[in-house]
$ cat run-v2.cif   # mmCIF, C-alpha atoms
data_input
#
loop_
_atom_site.label_atom_id
_atom_site.label_comp_id
_atom_site.auth_asym_id
_atom_site.auth_seq_id
_atom_site.Cartn_x
_atom_site.Cartn_y
_atom_site.Cartn_z
CA MET A 889 63.47 -9.34 -20.09
CA ARG A 890 60.29 -8.78 -22.10
CA LEU A 891 59.58 -12.51 -22.15
CA VAL A 892 59.96 -12.71 -18.36
CA LEU A 893 57.52 -9.81 -17.91
CA VAL A 894 54.93 -11.45 -20.18
CA VAL A 895 55.21 -14.73 -18.27
CA ALA A 896 54.87 -12.95 -14.92
CA LEU A 897 51.73 -11.10 -16.02
CA THR A 898 50.19 -14.31 -17.39
CA VAL A 899 50.80 -16.18 -14.12
CA ALA A 900 49.30 -13.31 -12.11
CA ALA A 901 46.20 -13.28 -14.28
CA LEU A 902 45.73 -17.04 -13.91
CA LEU A 903 46.07 -16.92 -10.12
CA ALA A 904 43.75 -13.93 -9.59
CA PRO A 905 40.20 -14.80 -8.35
CA PRO A 906 37.30 -14.15 -10.76
CA ALA A 907 35.55 -10.77 -10.49
CA SER A 908 32.31 -12.48 -9.48
CA ARG A 909 34.08 -14.01 -6.46
CA LEU A 910 35.48 -10.61 -5.50
CA PHE A 911 32.01 -9.06 -5.66
CA ALA A 912 30.47 -11.90 -3.68
CA ALA A 913 33.14 -11.63 -0.99
CA GLY A 914 32.60 -7.89 -0.68
CA SER A 915 28.81 -8.29 -0.51
CA ALA A 916 28.98 -10.97 2.16
CA GLY A 917 31.44 -9.02 4.27
CA SER A 918 31.07 -5.58 5.77
CA SER A 919 28.46 -4.62 3.16
CA GLY A 920 26.17 -7.56 3.93
CA ALA A 921 23.39 -5.06 4.60
CA VAL A 922 23.19 -4.45 0.84
CA VAL A 923 22.44 -8.14 0.23
CA ARG A 924 19.78 -8.13 2.94
CA ALA A 925 18.17 -5.04 1.47
CA VAL A 926 17.79 -6.77 -1.89
CA ALA A 927 16.95 -10.31 -0.86
CA GLY A 928 15.74 -9.87 2.71
CA ALA A 929 17.27 -11.73 5.64
CA ALA A 930 15.33 -14.65 7.06
CA GLY A 931 13.58 -13.85 10.30
CA GLU A 932 14.02 -10.08 10.01
CA PRO A 933 10.95 -7.81 10.05
CA ARG A 934 10.45 -5.93 6.82
CA SER A 935 8.46 -3.04 5.45
CA ALA A 936 6.71 -3.28 2.09
CA ALA A 937 7.94 -0.87 -0.54
CA ASP A 938 6.25 -2.38 -3.59
CA ASP A 939 4.02 -5.43 -3.29
CA ASP A 940 2.66 -6.69 -6.59
CA THR A 941 0.61 -9.38 -4.83
CA VAL A 942 -2.16 -6.90 -3.95
CA PRO A 943 -5.18 -7.72 -6.13
CA ALA A 944 -7.19 -4.77 -7.45
CA VAL A 945 -10.40 -5.89 -5.72
CA GLY A 946 -11.59 -2.38 -4.80
CA ARG A 947 -14.89 -1.29 -6.29
CA THR A 948 -15.23 2.16 -4.75
CA TRP A 949 -13.28 4.86 -2.93
CA PRO A 950 -13.72 4.90 0.86
CA VAL A 951 -15.17 8.43 0.70
CA GLY A 952 -16.70 10.45 -2.12
CA VAL A 953 -16.33 9.71 -5.82
CA ARG A 954 -12.75 10.83 -6.43
CA PRO A 955 -11.48 12.34 -3.15
CA HIS A 956 -8.44 14.57 -2.95
CA VAL A 957 -5.40 12.73 -1.61
CA LEU A 958 -3.93 15.02 1.04
CA ARG A 959 -0.95 12.77 1.67
CA GLY A 960 0.11 9.60 -0.11
CA TRP A 961 1.66 6.37 1.06
CA GLU A 962 5.29 6.74 2.16
CA PRO A 963 6.70 3.33 3.11
CA PRO A 964 9.30 3.44 5.90
CA ALA A 965 12.85 2.31 5.13
CA THR A 966 12.58 -0.16 8.03
CA VAL A 967 9.61 -1.68 9.78
CA TYR A 968 10.09 0.70 12.73
CA GLY A 969 11.21 3.72 10.73
CA PRO A 970 9.32 6.95 10.00
CA GLY A 971 6.89 7.09 7.12
CA HIS A 972 3.21 7.32 6.29
CA ARG A 973 1.54 3.93 6.47
CA GLY A 974 -1.53 4.72 4.41
CA VAL A 975 -3.15 7.58 2.51
CA ASP A 976 -5.10 10.58 3.80
CA LEU A 977 -8.28 11.38 1.88
CA ALA A 978 -10.03 14.73 2.26
CA ALA A 979 -13.40 14.15 3.94
CA ALA A 980 -15.56 16.40 6.10
CA PRO A 981 -16.87 15.16 9.45
CA GLY A 982 -20.05 13.16 8.94
CA THR A 983 -19.04 11.93 5.48
CA PRO A 984 -20.12 8.30 4.91
CA VAL A 985 -17.22 5.84 4.83
CA ARG A 986 -17.67 2.80 2.59
CA ALA A 987 -16.00 -0.59 2.38
CA VAL A 988 -13.82 -0.58 -0.73
CA ALA A 989 -14.37 -4.32 -1.29
CA ASP A 990 -16.31 -7.29 0.04
CA GLY A 991 -15.16 -8.55 3.40
CA ARG A 992 -15.75 -9.10 7.10
CA VAL A 993 -15.42 -6.47 9.81
CA SER A 994 -12.52 -7.67 11.96
CA PHE A 995 -12.56 -4.65 14.29
CA ALA A 996 -14.93 -1.80 15.03
CA GLY A 997 -14.12 0.29 18.07
CA ARG A 998 -11.74 2.83 19.53
CA VAL A 999 -7.95 2.82 19.60
CA ALA A 1000 -6.14 5.56 21.53
CA GLY A 1001 -9.34 7.63 21.52
CA LYS A 1002 -9.92 7.30 17.76
CA GLY A 1003 -12.70 5.38 16.06
CA VAL A 1004 -11.26 2.61 13.86
CA VAL A 1005 -12.90 0.16 11.48
CA SER A 1006 -10.95 -2.72 9.96
CA VAL A 1007 -12.24 -5.03 7.23
CA GLU A 1008 -10.65 -8.32 6.15
CA LEU A 1009 -11.07 -8.51 2.38
CA THR A 1010 -12.58 -11.65 0.90
CA GLY A 1011 -10.45 -13.85 -1.36
CA THR A 1012 -7.16 -12.01 -0.82
CA GLY A 1013 -5.01 -14.85 0.50
CA ASP A 1014 -3.76 -16.06 3.86
CA PRO A 1015 -3.39 -13.93 5.85
CA PRO A 1016 -6.04 -11.84 4.11
CA LEU A 1017 -5.56 -8.21 3.25
CA ARG A 1018 -6.97 -5.89 5.91
CA SER A 1019 -8.28 -2.43 5.05
CA THR A 1020 -8.45 0.12 7.89
CA TYR A 1021 -10.25 3.44 8.24
CA GLU A 1022 -9.86 6.15 10.90
CA PRO A 1023 -11.14 8.30 12.55
CA VAL A 1024 -14.50 6.67 11.86
CA ARG A 1025 -17.61 6.25 13.96
CA ALA A 1026 -18.58 2.67 13.12
CA SER A 1027 -22.10 1.80 12.01
CA VAL A 1028 -21.37 -1.92 11.65
CA PRO A 1029 -20.47 -4.42 14.39
CA GLN A 1030 -17.38 -6.59 14.53
CA GLY A 1031 -17.96 -9.82 12.61
CA ALA A 1032 -20.43 -8.30 10.13
CA GLU A 1033 -20.14 -9.25 6.46
CA VAL A 1034 -20.02 -6.16 4.25
CA SER A 1035 -20.18 -5.60 0.51
CA ALA A 1036 -18.16 -3.19 -1.60
CA GLY A 1037 -19.74 0.25 -1.37
CA GLU A 1038 -21.60 -0.50 1.86
CA VAL A 1039 -21.48 2.26 4.48
CA ILE A 1040 -19.47 1.13 7.51
CA GLY A 1041 -19.43 4.42 9.42
CA THR A 1042 -18.95 8.17 9.22
CA VAL A 1043 -15.89 10.39 9.53
CA GLU A 1044 -15.44 11.68 13.08
CA ALA A 1045 -14.77 15.32 13.82
CA GLY A 1046 -11.72 14.65 16.00
CA GLY A 1047 -8.79 12.26 16.13
CA SER A 1048 -7.34 12.99 12.70
CA HIS A 1049 -3.62 13.67 12.23
CA CYS A 1050 -4.33 15.73 9.10
CA THR A 1051 -4.18 19.51 8.99
CA ALA A 1052 -7.55 19.44 7.17
CA PRO A 1053 -10.50 17.09 7.84
CA CYS A 1054 -9.65 13.66 6.44
CA VAL A 1055 -9.94 9.92 6.78
CA HIS A 1056 -6.78 7.82 7.01
CA TRP A 1057 -7.04 4.71 4.85
CA GLY A 1058 -4.58 1.89 5.44
CA LEU A 1059 -3.87 -1.59 4.11
CA LEU A 1060 -2.04 -4.48 5.74
CA ARG A 1061 -1.25 -8.12 5.15
CA GLY A 1062 -0.41 -9.53 8.54
CA GLU A 1063 1.79 -6.83 10.07
CA THR A 1064 3.14 -5.56 6.73
CA TYR A 1065 1.83 -2.20 5.52
CA LEU A 1066 0.96 -1.85 1.83
CA ASP A 1067 -0.26 0.92 -0.44
CA PRO A 1068 -4.08 1.02 -0.20
CA LEU A 1069 -4.35 2.73 -3.58
CA SER A 1070 -3.10 -0.52 -5.13
CA LEU A 1071 -6.52 -2.01 -4.29
CA LEU A 1072 -8.17 0.25 -6.85
CA PRO A 1073 -8.30 -0.82 -10.52
CA PRO A 1074 -7.08 1.70 -13.12
CA TRP A 1075 -10.60 2.56 -14.28
CA LEU A 1076 -11.47 3.70 -10.77
CA LEU A 1077 -8.12 5.19 -9.81
CA HIS A 1078 -7.78 7.29 -12.95
CA ARG A 1079 -11.40 7.81 -13.91
CA GLY A 1080 -11.79 10.96 -15.97
CA PRO A 1081 -14.67 13.45 -16.02
CA SER A 1082 -18.15 12.25 -16.92
CA ARG A 1083 -19.29 12.65 -20.52
CA LEU A 1084 -22.81 13.30 -21.76
CA LEU A 1085 -24.20 10.80 -24.25
CA PRO A 1086 -27.02 11.27 -26.82
CA VAL A 1087 -30.46 10.07 -25.71
CA LEU A 1088 -32.97 8.51 -28.18
CA GLY A 1089 -30.99 9.81 -31.13
CA VAL A 1090 -31.26 13.44 -30.03
CA PRO A 1091 -27.93 15.13 -30.86
CA LEU A 1092 -26.11 17.05 -28.16
CA PRO A 1093 -26.16 20.85 -28.47
#

$ encode --input "run-v2.cif" --output "C-alpha cells"
Amino acid sequence: MRLVLVVALTVAALLAPPASRLFAAGSAGSSGAVVRAVAGAAGEPRSAADDDTVPAVGRTWPVGVRPHVLRGWEPPATVYGPGHRGVDLAAAPGTPVRAVADGRVSFAGRVAGKGVVSVELTGTGDPPLRSTYEPVRASVPQGAEVSAGEVIGTVEAGGSHCTAPCVHWGLLRGETYLDPLSLLPPWLLHRGPSRLLPVLGVPLP
C-alpha cells in the first residue's frame, strides 16, 4: 500500500505544470491588468509615475531663490484620473517668472482665462520636454528663444487654483506629465543656507 501511494504521488508531481506556468496563466487571465500596469499595454494612454529620462537641465527656479512648494506633483493612477500634474510654488502677484532652462517659447497667451507660457527645452529629445507656467502674464512672444534665468512674464493676480498666491509649474513630454522638480539638479534643489567666507585674509568675527 505504501509503495502504491509513493508511486501515485510521484506521477502526480511529474504531471503537474511548473509554478512559473501557473503564475503566467493567472497573470494573463482575469488579472491581466496587473501585467499591463507593470509593462504597459501597447496603444494604451499612460501617466508618468517616475520617468528617469528627464535630464536635470534646470539652472534656476521659476520664481524666487528657493520658493515654498505649496503642493507637490501627484501623478494620476491613469491618464484621465485625478491628481496634481505639476507643482505649486508660492509667489505673489507681480513676481517675475523665469525660464528654468534654455529653450523656445512654444506658447504665450491665455487658456480658459488664465495666462500661460510654455517653453520647449533645448536638447531634451524628441518630442522635447515642455515646461509650462500659469497664471503668468507673458513678456515674451511665441517663438522667442530664451535662456535659463530669463524673465518670461510675471505672476498674475487671478486664475490660480491655489489657496494662496502661487504659480503652477508643469512639465510634459508630448502628452505625458512629468515631475518638474526632476529638472533641477541636486545642488539647486537642495541648496542650503548661504555661508560667509573670509575676505583678504580677514578672519570672521

$ atom_distance --input "run-v2.cif" --atom1 "CA of Ala978 (chain A)" --atom2 "CA of Ala1026 (chain A)"
18.3 Å

$ atom_distance --input "run-v2.cif" --atom1 "CA of Pro984 (chain A)" --atom2 "CA of Val1024 (chain A)"
9.1 Å

$ atom_distance --input "run-v2.cif" --atom1 "CA of Glu1038 (chain A)" --atom2 "CA of Ala987 (chain A)"
5.6 Å

$ closest_residue --input "run-v2.cif" --among "A:Leu958, A:Ala989, A:Val1028, A:Val953" --to "Gly1011 (chain A)" --atoms "all atoms listed in the file"
A:Ala989

$ resolve_selection --input "run-v2.cif" --expression "the PyMOL selection byres ((chain A and resi 960) around 6)" --output "PyMOL selection string"
chain A and resi 959+961+975

$ resolve_selection --input "run-v2.cif" --expression "the PyMOL selection byres ((chain A and resi 1056) around 7)" --output "number ranges by chain"
A: 974-977, 1021-1022, 1054-1055, 1057-1058

$ closest_residue --input "run-v2.cif" --among "A:Gly991, A:Pro955, A:Pro963, A:Pro943" --to "Val1034 (chain A)" --atoms "only C-alpha atoms"
A:Gly991

$ closest_residue --input "run-v2.cif" --among "A:Pro1053, A:Pro1068, A:Pro1029, A:Pro1073" --to "His956 (chain A)" --atoms "only C-alpha atoms"
A:Pro1053

$ resolve_selection --input "run-v2.cif" --expression "the PyMOL selection byres ((chain A and resi 1047) around 8)" --output "PyMOL selection string"
chain A and resi 1001-1003+1023+1044-1046+1048-1049

$ closest_residue --input "run-v2.cif" --among "A:Val999, A:Ser1027, A:Thr1012, A:Asp1067" --to "Pro964 (chain A)" --atoms "only C-alpha atoms"
A:Asp1067

$ closest_atom_pairs --input "run-v2.cif" --of "region 944-1057 of chain A" --to "region 1074-1077 of chain A" --cutoff "10 Å" --atoms "only C-alpha atoms" --output "tab-separated table"
residue	atom	partner	partner_atom	distance
A:Ala944	CA	A:Pro1074	CA	8.6
A:Gly946	CA	A:Leu1076	CA	8.5
A:Arg947	CA	A:Leu1076	CA	7.5
A:Thr948	CA	A:Leu1076	CA	7.3
A:Trp949	CA	A:Leu1076	CA	8.1
A:Val953	CA	A:Leu1076	CA	9.2
A:Arg954	CA	A:Leu1077	CA	8.0

$ closest_residue --input "run-v2.cif" --among "A:Gln1030, A:Thr1010, A:Ser1019, A:Thr1042" --to "Thr983 (chain A)" --atoms "all atoms listed in the file"
A:Thr1042

$ residues_near_point --input "run-v2.cif" --point "(-19.6, 3.4, 1.6)" --cutoff "7 Å" --atoms "all atoms listed in the file" --output "PyMOL selection string"
chain A and resi 950-951+984-987+1037-1040

$ closest_residue --input "run-v2.cif" --among "A:Val1004, A:Val945, A:Thr1020, A:Glu962" --to "Asp990 (chain A)" --atoms "all atoms listed in the file"
A:Val945
